[in-house]
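Q: To start, I am sharing the structure in question, which I have written as C-alpha cells.
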Amino acid sequence: MPVQPDQREIIVSIRTSYDFKADTGRAIRVIEFHGRRTTLFDTFEASSPKRMILIEMIRAVQSFKEPFHIIFNVECNFGFKYLTNQRKWENRDVGNTFLDLIEQGGHTYELRDSSFYEGGKALQKWLGNTLKQNS
C-alpha cells in the first residue's frame, strides 16, 4: 500500500517462539518511531506461530492514535497473499480484523519477510535472543 503524503512511518518488528508440546508461545513486538524503541512481550496459549504474528500486528495497530505507514518486519511469510483476497485461510478471522483496523485507522502498511532483505536475518536474530533473555 502506498504511503499517503501526510503519513509518518513507523516500524514494527515481530518474532515468535512456540512450544508445540506445551501448546504455548511467546512473542516480542518492537515498535520504532523517531529513533525511540518500545519493546513488548506477550504470551499465548493454544495458538500457532503464524496466528501469533497476526495478533501482534493487530495489537500494534490498536496502539496507534494517528494514521501511519506501518512497516511490519516479520520472521516469515505467514500468508501475505491471503490478506488481500478472500480465499479460505485458517487465519481469515484475524486477517480480516487486521485489515479492518488498518482501514479504520487510515493506515497503510508494508509486510517484509525478514529472511529476504539485507539486515533482516540479523534483526530476527536480535529479536530471538531478546525474546529468549526475557522468558
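Residues in the C-alpha cells are numbered from 1 in each chain, the chains being A, B, ... in the order shown, and ligands are numbered from 1 in the order shown.
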Which residues in chain A does DSSP call strand (DSSP E)? List them as a ChimeraX atom specification.
A: /A:8-19,24-33,36-45,68-74,108-113
Q: Determine, counting only C-alpha atoms, which protein, DNA and RNA residues have an atom within 12 Å of an atom of stretch 43-52 of chain A; residues of the same chain fewer than 3 positions away are not included. Present the result as a PyMOL selection string.
A: chain A and resi 14-29+40+55-59+74-80+89-95+98+131+134-135
Q: I need the residues from that last selection saved to file as a compact mmCIF listing (two decimals), in the first residue's frame (with N, CA, C and O atoms), if you can.
A:
```txt
# COMPACT_ATOMS: atom_id res chain seq x y z
N ILE A 14 8.50 -8.13 14.60
CA ILE A 14 7.86 -9.18 15.39
C ILE A 14 8.62 -10.49 15.25
O ILE A 14 9.05 -10.86 14.16
N ARG A 15 8.75 -11.20 16.38
CA ARG A 15 9.34 -12.54 16.38
C ARG A 15 8.56 -13.39 17.37
O ARG A 15 8.15 -12.91 18.42
N THR A 16 8.36 -14.65 17.04
CA THR A 16 7.63 -15.55 17.93
C THR A 16 8.47 -16.77 18.26
O THR A 16 9.43 -17.10 17.57
N SER A 17 8.07 -17.44 19.32
CA SER A 17 8.66 -18.71 19.72
C SER A 17 7.51 -19.56 20.25
O SER A 17 6.74 -19.10 21.10
N TYR A 18 7.40 -20.78 19.72
CA TYR A 18 6.27 -21.62 20.11
C TYR A 18 6.72 -23.00 20.55
O TYR A 18 7.53 -23.63 19.88
N ASP A 19 6.21 -23.46 21.68
CA ASP A 19 6.48 -24.80 22.19
C ASP A 19 5.26 -25.65 21.87
O ASP A 19 4.22 -25.54 22.54
N PHE A 20 5.36 -26.48 20.83
CA PHE A 20 4.21 -27.26 20.38
C PHE A 20 3.80 -28.32 21.40
O PHE A 20 2.62 -28.65 21.50
N LYS A 21 4.74 -28.84 22.18
CA LYS A 21 4.40 -29.82 23.21
C LYS A 21 3.53 -29.19 24.31
O LYS A 21 2.55 -29.77 24.74
N ALA A 22 3.94 -28.02 24.74
CA ALA A 22 3.20 -27.33 25.81
C ALA A 22 2.02 -26.52 25.26
O ALA A 22 1.18 -26.06 26.02
N ASP A 23 1.98 -26.35 23.94
CA ASP A 23 0.94 -25.57 23.27
C ASP A 23 0.88 -24.13 23.80
O ASP A 23 -0.18 -23.58 24.05
N THR A 24 2.07 -23.56 23.99
CA THR A 24 2.18 -22.17 24.43
C THR A 24 3.25 -21.47 23.61
O THR A 24 4.17 -22.11 23.09
N GLY A 25 3.12 -20.17 23.53
CA GLY A 25 4.12 -19.40 22.77
C GLY A 25 4.37 -18.05 23.40
O GLY A 25 3.63 -17.58 24.26
N ARG A 26 5.46 -17.45 22.94
CA ARG A 26 5.83 -16.09 23.37
C ARG A 26 6.14 -15.29 22.12
O ARG A 26 6.55 -15.83 21.11
N ALA A 27 5.95 -13.99 22.25
CA ALA A 27 6.23 -13.10 21.12
C ALA A 27 6.88 -11.83 21.63
O ALA A 27 6.63 -11.39 22.76
N ILE A 28 7.70 -11.24 20.78
CA ILE A 28 8.28 -9.93 21.04
C ILE A 28 7.81 -9.02 19.91
O ILE A 28 7.78 -9.41 18.74
N ARG A 29 7.42 -7.81 20.30
CA ARG A 29 6.99 -6.79 19.34
C ARG A 29 7.77 -5.52 19.65
O ARG A 29 7.71 -5.00 20.76
N LEU A 40 7.80 -4.91 23.62
CA LEU A 40 6.70 -5.54 24.35
C LEU A 40 6.78 -7.05 24.18
O LEU A 40 7.16 -7.54 23.12
N ILE A 55 -1.74 -11.57 15.40
CA ILE A 55 -2.27 -10.95 16.62
C ILE A 55 -1.34 -9.84 17.10
O ILE A 55 -1.80 -8.78 17.53
N GLU A 56 -0.04 -10.05 17.00
CA GLU A 56 0.91 -9.00 17.36
C GLU A 56 0.76 -7.79 16.43
O GLU A 56 0.86 -6.64 16.87
N MET A 57 0.51 -8.03 15.16
CA MET A 57 0.28 -6.94 14.22
C MET A 57 -0.99 -6.17 14.61
O MET A 57 -1.00 -4.93 14.59
N ILE A 58 -2.03 -6.88 14.98
CA ILE A 58 -3.28 -6.25 15.42
C ILE A 58 -3.03 -5.41 16.66
O ILE A 58 -3.48 -4.25 16.75
N ARG A 59 -2.32 -5.95 17.63
CA ARG A 59 -2.05 -5.21 18.86
C ARG A 59 -1.25 -3.93 18.58
O ARG A 59 -1.49 -2.90 19.21
N VAL A 74 8.57 -9.18 9.80
CA VAL A 74 8.17 -10.43 10.43
C VAL A 74 9.13 -11.55 10.05
O VAL A 74 9.86 -11.46 9.07
N GLU A 75 9.11 -12.62 10.82
CA GLU A 75 10.09 -13.69 10.66
C GLU A 75 9.84 -14.58 9.47
O GLU A 75 10.72 -15.32 9.05
N CYS A 76 8.62 -14.55 8.92
CA CYS A 76 8.31 -15.42 7.78
C CYS A 76 7.10 -14.85 7.03
O CYS A 76 6.39 -14.00 7.54
N ASN A 77 6.90 -15.38 5.84
CA ASN A 77 5.71 -15.03 5.09
C ASN A 77 4.58 -15.89 5.64
O ASN A 77 4.46 -17.06 5.33
N PHE A 78 3.75 -15.31 6.51
CA PHE A 78 2.69 -16.04 7.19
C PHE A 78 1.47 -16.25 6.32
O PHE A 78 0.47 -16.81 6.75
N GLY A 79 1.51 -15.76 5.11
CA GLY A 79 0.38 -15.84 4.20
C GLY A 79 0.00 -14.45 3.72
O GLY A 79 -1.17 -14.08 3.70
N PHE A 80 1.01 -13.66 3.35
CA PHE A 80 0.79 -12.28 2.93
C PHE A 80 -0.31 -12.18 1.88
O PHE A 80 -1.15 -11.31 1.94
N TRP A 89 -8.76 -19.58 4.46
CA TRP A 89 -7.47 -19.48 5.15
C TRP A 89 -7.71 -19.69 6.63
O TRP A 89 -8.66 -19.15 7.20
N GLU A 90 -6.85 -20.46 7.28
CA GLU A 90 -7.04 -20.77 8.69
C GLU A 90 -7.01 -19.54 9.60
O GLU A 90 -7.55 -19.57 10.70
N ASN A 91 -6.40 -18.47 9.14
CA ASN A 91 -6.30 -17.25 9.94
C ASN A 91 -7.15 -16.11 9.39
O ASN A 91 -6.87 -14.94 9.65
N ARG A 92 -8.18 -16.45 8.62
CA ARG A 92 -9.02 -15.43 8.00
C ARG A 92 -9.60 -14.46 9.03
O ARG A 92 -9.66 -13.26 8.80
N ASP A 93 -10.04 -14.97 10.17
CA ASP A 93 -10.66 -14.10 11.18
C ASP A 93 -9.71 -13.01 11.65
O ASP A 93 -10.07 -11.83 11.65
N VAL A 94 -8.49 -13.37 12.01
CA VAL A 94 -7.55 -12.35 12.48
C VAL A 94 -7.01 -11.52 11.31
O VAL A 94 -6.73 -10.33 11.48
N GLY A 95 -6.91 -12.11 10.14
CA GLY A 95 -6.51 -11.35 8.95
C GLY A 95 -7.52 -10.26 8.65
O GLY A 95 -7.15 -9.12 8.37
N PHE A 98 -7.29 -7.48 11.22
CA PHE A 98 -6.14 -6.62 10.92
C PHE A 98 -6.50 -5.62 9.81
O PHE A 98 -6.28 -4.42 9.96
N LEU A 131 14.02 -12.18 23.01
CA LEU A 131 12.88 -12.95 23.48
C LEU A 131 13.33 -14.06 24.44
O LEU A 131 12.72 -14.25 25.50
N ASN A 134 14.24 -12.81 27.91
CA ASN A 134 13.11 -12.35 28.70
C ASN A 134 12.05 -13.42 28.90
O ASN A 134 10.89 -13.11 29.13
N SER A 135 12.45 -14.69 28.80
CA SER A 135 11.50 -15.77 29.01
C SER A 135 11.41 -16.17 30.45
O SER A 135 12.27 -16.00 31.23
```
Q: How many Å lie between atom CA of A:Leu123 and atom CA of A:Leu99, rounded to one decimal?
A: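 These atoms are spaced 25.4 Å apart.
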Q: For A:Arg8, which of A:Phe41, A:Thr108, A:Asn73, A:Lys88 is the closest residue, counting only C-alpha atoms?
A: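 Of A:Phe41, A:Thr108, A:Asn73, A:Lys88, the one nearest A:Arg8, counting only C-alpha atoms, is A:Thr108.
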Q: Give the answer as one residue: which of A:Phe116, A:Trp126, A:Phe68, A:Tyr82 has the shortest atom-to-atom distance to A:Val30, using only C-alpha atoms?
A: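 Once distances to A:Val30 are computed over only C-alpha atoms, the minimum belongs to A:Trp126.
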Q: Could you tell me how far atom CA of A:Asn85 sits from atom CA of A:Val61, in Å to one decimal place?
A: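 Between atom CA of A:Val61 and atom CA of A:Asn85 the gap is 20.4 Å.
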Q: Using atom CA of A:Gly106 and atom CA of A:His69 as the two end points, give the distance in Å to one decimal.
A: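 Interatomic distance, atom CA of A:Gly106 to atom CA of A:His69: 9.1 Å.
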Q: Run DSSP on the backbone of this structure and report the residues of stretch 30-109 of chain A it assigns to alpha helix (DSSP H), as a tab-separated table (two decimals) with N, CA, C and O atoms, in the first residue's frame.
A:
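selection-v9.tsv written:
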```tsv
chain	number	residue	atom	x	y	z
A	49	PRO	N	2.34	-20.16	15.45
A	49	PRO	CA	3.27	-19.04	15.20
A	49	PRO	C	2.71	-18.02	14.20
A	49	PRO	O	2.82	-16.81	14.43
A	50	LYS	N	2.09	-18.46	13.13
A	50	LYS	CA	1.57	-17.51	12.14
A	50	LYS	C	0.42	-16.69	12.71
A	50	LYS	O	0.33	-15.49	12.47
A	51	ARG	N	-0.43	-17.32	13.47
A	51	ARG	CA	-1.54	-16.60	14.10
A	51	ARG	C	-1.00	-15.59	15.13
A	51	ARG	O	-1.52	-14.48	15.25
A	52	MET	N	0.02	-15.99	15.85
A	52	MET	CA	0.62	-15.09	16.83
A	52	MET	C	1.17	-13.84	16.16
A	52	MET	O	1.02	-12.73	16.68
A	53	ILE	N	1.80	-14.00	15.00
A	53	ILE	CA	2.32	-12.84	14.27
A	53	ILE	C	1.17	-11.88	13.93
A	53	ILE	O	1.28	-10.67	14.16
A	54	LEU	N	0.09	-12.42	13.41
A	54	LEU	CA	-1.06	-11.58	13.06
A	54	LEU	C	-1.64	-10.88	14.29
A	54	LEU	O	-2.00	-9.69	14.23
A	55	ILE	N	-1.74	-11.57	15.40
A	55	ILE	CA	-2.27	-10.95	16.62
A	55	ILE	C	-1.34	-9.84	17.10
A	55	ILE	O	-1.80	-8.78	17.53
A	56	GLU	N	-0.04	-10.05	17.00
A	56	GLU	CA	0.91	-9.00	17.36
A	56	GLU	C	0.76	-7.79	16.43
A	56	GLU	O	0.86	-6.64	16.87
A	57	MET	N	0.51	-8.03	15.16
A	57	MET	CA	0.28	-6.94	14.22
A	57	MET	C	-0.99	-6.17	14.61
A	57	MET	O	-1.00	-4.93	14.59
A	58	ILE	N	-2.03	-6.88	14.98
A	58	ILE	CA	-3.28	-6.25	15.42
A	58	ILE	C	-3.03	-5.41	16.66
A	58	ILE	O	-3.48	-4.25	16.75
A	59	ARG	N	-2.32	-5.95	17.63
A	59	ARG	CA	-2.05	-5.21	18.86
A	59	ARG	C	-1.25	-3.93	18.58
A	59	ARG	O	-1.49	-2.90	19.21
A	60	ALA	N	-0.34	-4.02	17.65
A	60	ALA	CA	0.43	-2.82	17.29
A	60	ALA	C	-0.49	-1.76	16.69
A	60	ALA	O	-0.48	-0.60	17.12
A	61	VAL	N	-1.30	-2.15	15.72
A	61	VAL	CA	-2.20	-1.20	15.06
A	61	VAL	C	-3.17	-0.59	16.08
A	61	VAL	O	-3.44	0.61	16.04
A	62	GLN	N	-3.67	-1.38	17.00
A	62	GLN	CA	-4.60	-0.88	18.01
A	62	GLN	C	-3.96	0.17	18.91
A	62	GLN	O	-4.65	1.01	19.47
A	63	SER	N	-2.64	0.15	19.03
A	63	SER	CA	-1.96	1.10	19.91
A	63	SER	C	-1.70	2.46	19.27
A	63	SER	O	-1.35	3.41	19.97
A	80	PHE	N	1.01	-13.66	3.35
A	80	PHE	CA	0.79	-12.28	2.93
A	80	PHE	C	-0.31	-12.18	1.88
A	80	PHE	O	-1.15	-11.31	1.94
A	81	LYS	N	-0.28	-13.09	0.89
A	81	LYS	CA	-1.24	-13.00	-0.22
A	81	LYS	C	-2.68	-13.23	0.24
A	81	LYS	O	-3.61	-12.72	-0.36
A	82	TYR	N	-2.86	-13.95	1.34
A	82	TYR	CA	-4.22	-14.22	1.82
A	82	TYR	C	-4.87	-12.97	2.40
A	82	TYR	O	-6.10	-12.89	2.46
A	83	LEU	N	-4.07	-12.01	2.84
A	83	LEU	CA	-4.64	-10.79	3.39
A	83	LEU	C	-5.41	-10.01	2.32
A	83	LEU	O	-6.36	-9.31	2.64
A	92	ARG	N	-8.18	-16.45	8.62
A	92	ARG	CA	-9.02	-15.43	8.00
A	92	ARG	C	-9.60	-14.46	9.03
A	92	ARG	O	-9.66	-13.26	8.80
A	93	ASP	N	-10.04	-14.97	10.17
A	93	ASP	CA	-10.66	-14.10	11.18
A	93	ASP	C	-9.71	-13.01	11.65
A	93	ASP	O	-10.07	-11.83	11.65
A	94	VAL	N	-8.49	-13.37	12.01
A	94	VAL	CA	-7.55	-12.35	12.48
A	94	VAL	C	-7.01	-11.52	11.31
A	94	VAL	O	-6.73	-10.33	11.48
A	95	GLY	N	-6.91	-12.11	10.14
A	95	GLY	CA	-6.51	-11.35	8.95
A	95	GLY	C	-7.52	-10.26	8.65
A	95	GLY	O	-7.15	-9.12	8.37
A	96	ASN	N	-8.80	-10.60	8.71
A	96	ASN	CA	-9.85	-9.60	8.45
A	96	ASN	C	-9.87	-8.53	9.54
A	96	ASN	O	-10.08	-7.35	9.25
A	97	THR	N	-9.65	-8.92	10.78
A	97	THR	CA	-9.58	-7.94	11.87
A	97	THR	C	-8.45	-6.96	11.62
A	97	THR	O	-8.62	-5.74	11.77
A	98	PHE	N	-7.29	-7.48	11.22
A	98	PHE	CA	-6.14	-6.62	10.92
A	98	PHE	C	-6.50	-5.62	9.81
A	98	PHE	O	-6.28	-4.42	9.96
A	99	LEU	N	-7.06	-6.11	8.72
A	99	LEU	CA	-7.40	-5.24	7.59
A	99	LEU	C	-8.44	-4.19	7.99
A	99	LEU	O	-8.35	-3.03	7.57
A	100	ASP	N	-9.41	-4.58	8.80
A	100	ASP	CA	-10.42	-3.63	9.27
A	100	ASP	C	-9.78	-2.52	10.10
A	100	ASP	O	-10.10	-1.34	9.94
A	101	LEU	N	-8.86	-2.88	10.98
A	101	LEU	CA	-8.17	-1.89	11.82
A	101	LEU	C	-7.31	-0.95	10.98
A	101	LEU	O	-7.24	0.25	11.25
A	102	ILE	N	-6.66	-1.49	9.96
A	102	ILE	CA	-5.85	-0.66	9.06
A	102	ILE	C	-6.74	0.38	8.39
A	102	ILE	O	-6.44	1.58	8.36
A	103	GLU	N	-7.87	-0.08	7.87
A	103	GLU	CA	-8.79	0.82	7.16
A	103	GLU	C	-9.39	1.86	8.12
A	103	GLU	O	-9.41	3.06	7.82
A	104	GLN	N	-9.87	1.41	9.27
A	104	GLN	CA	-10.49	2.31	10.24
A	104	GLN	C	-9.52	3.37	10.73
A	104	GLN	O	-9.91	4.51	10.99
A	105	GLY	N	-8.26	2.99	10.89
A	105	GLY	CA	-7.25	3.93	11.40
A	105	GLY	C	-6.65	4.83	10.32
A	105	GLY	O	-5.87	5.72	10.63
```
Q: Given only C-alpha atoms as the basis, pick out the residue of A:Ala122, A:Ile31, A:Thr130, A:Gln7 nearest to A:Phe72.
A: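 Checking each candidate against A:Phe72, we get A:Ile31 as the closest.
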Q: Could you check the closest approach to A:Glu32 for each of A:Glu110, A:Asp6, A:Gln86, A:Ile70 and tell me which residue wins, using only C-alpha atoms?
A: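 Ranked by minimum distance to A:Glu32, first place goes to A:Ile70.
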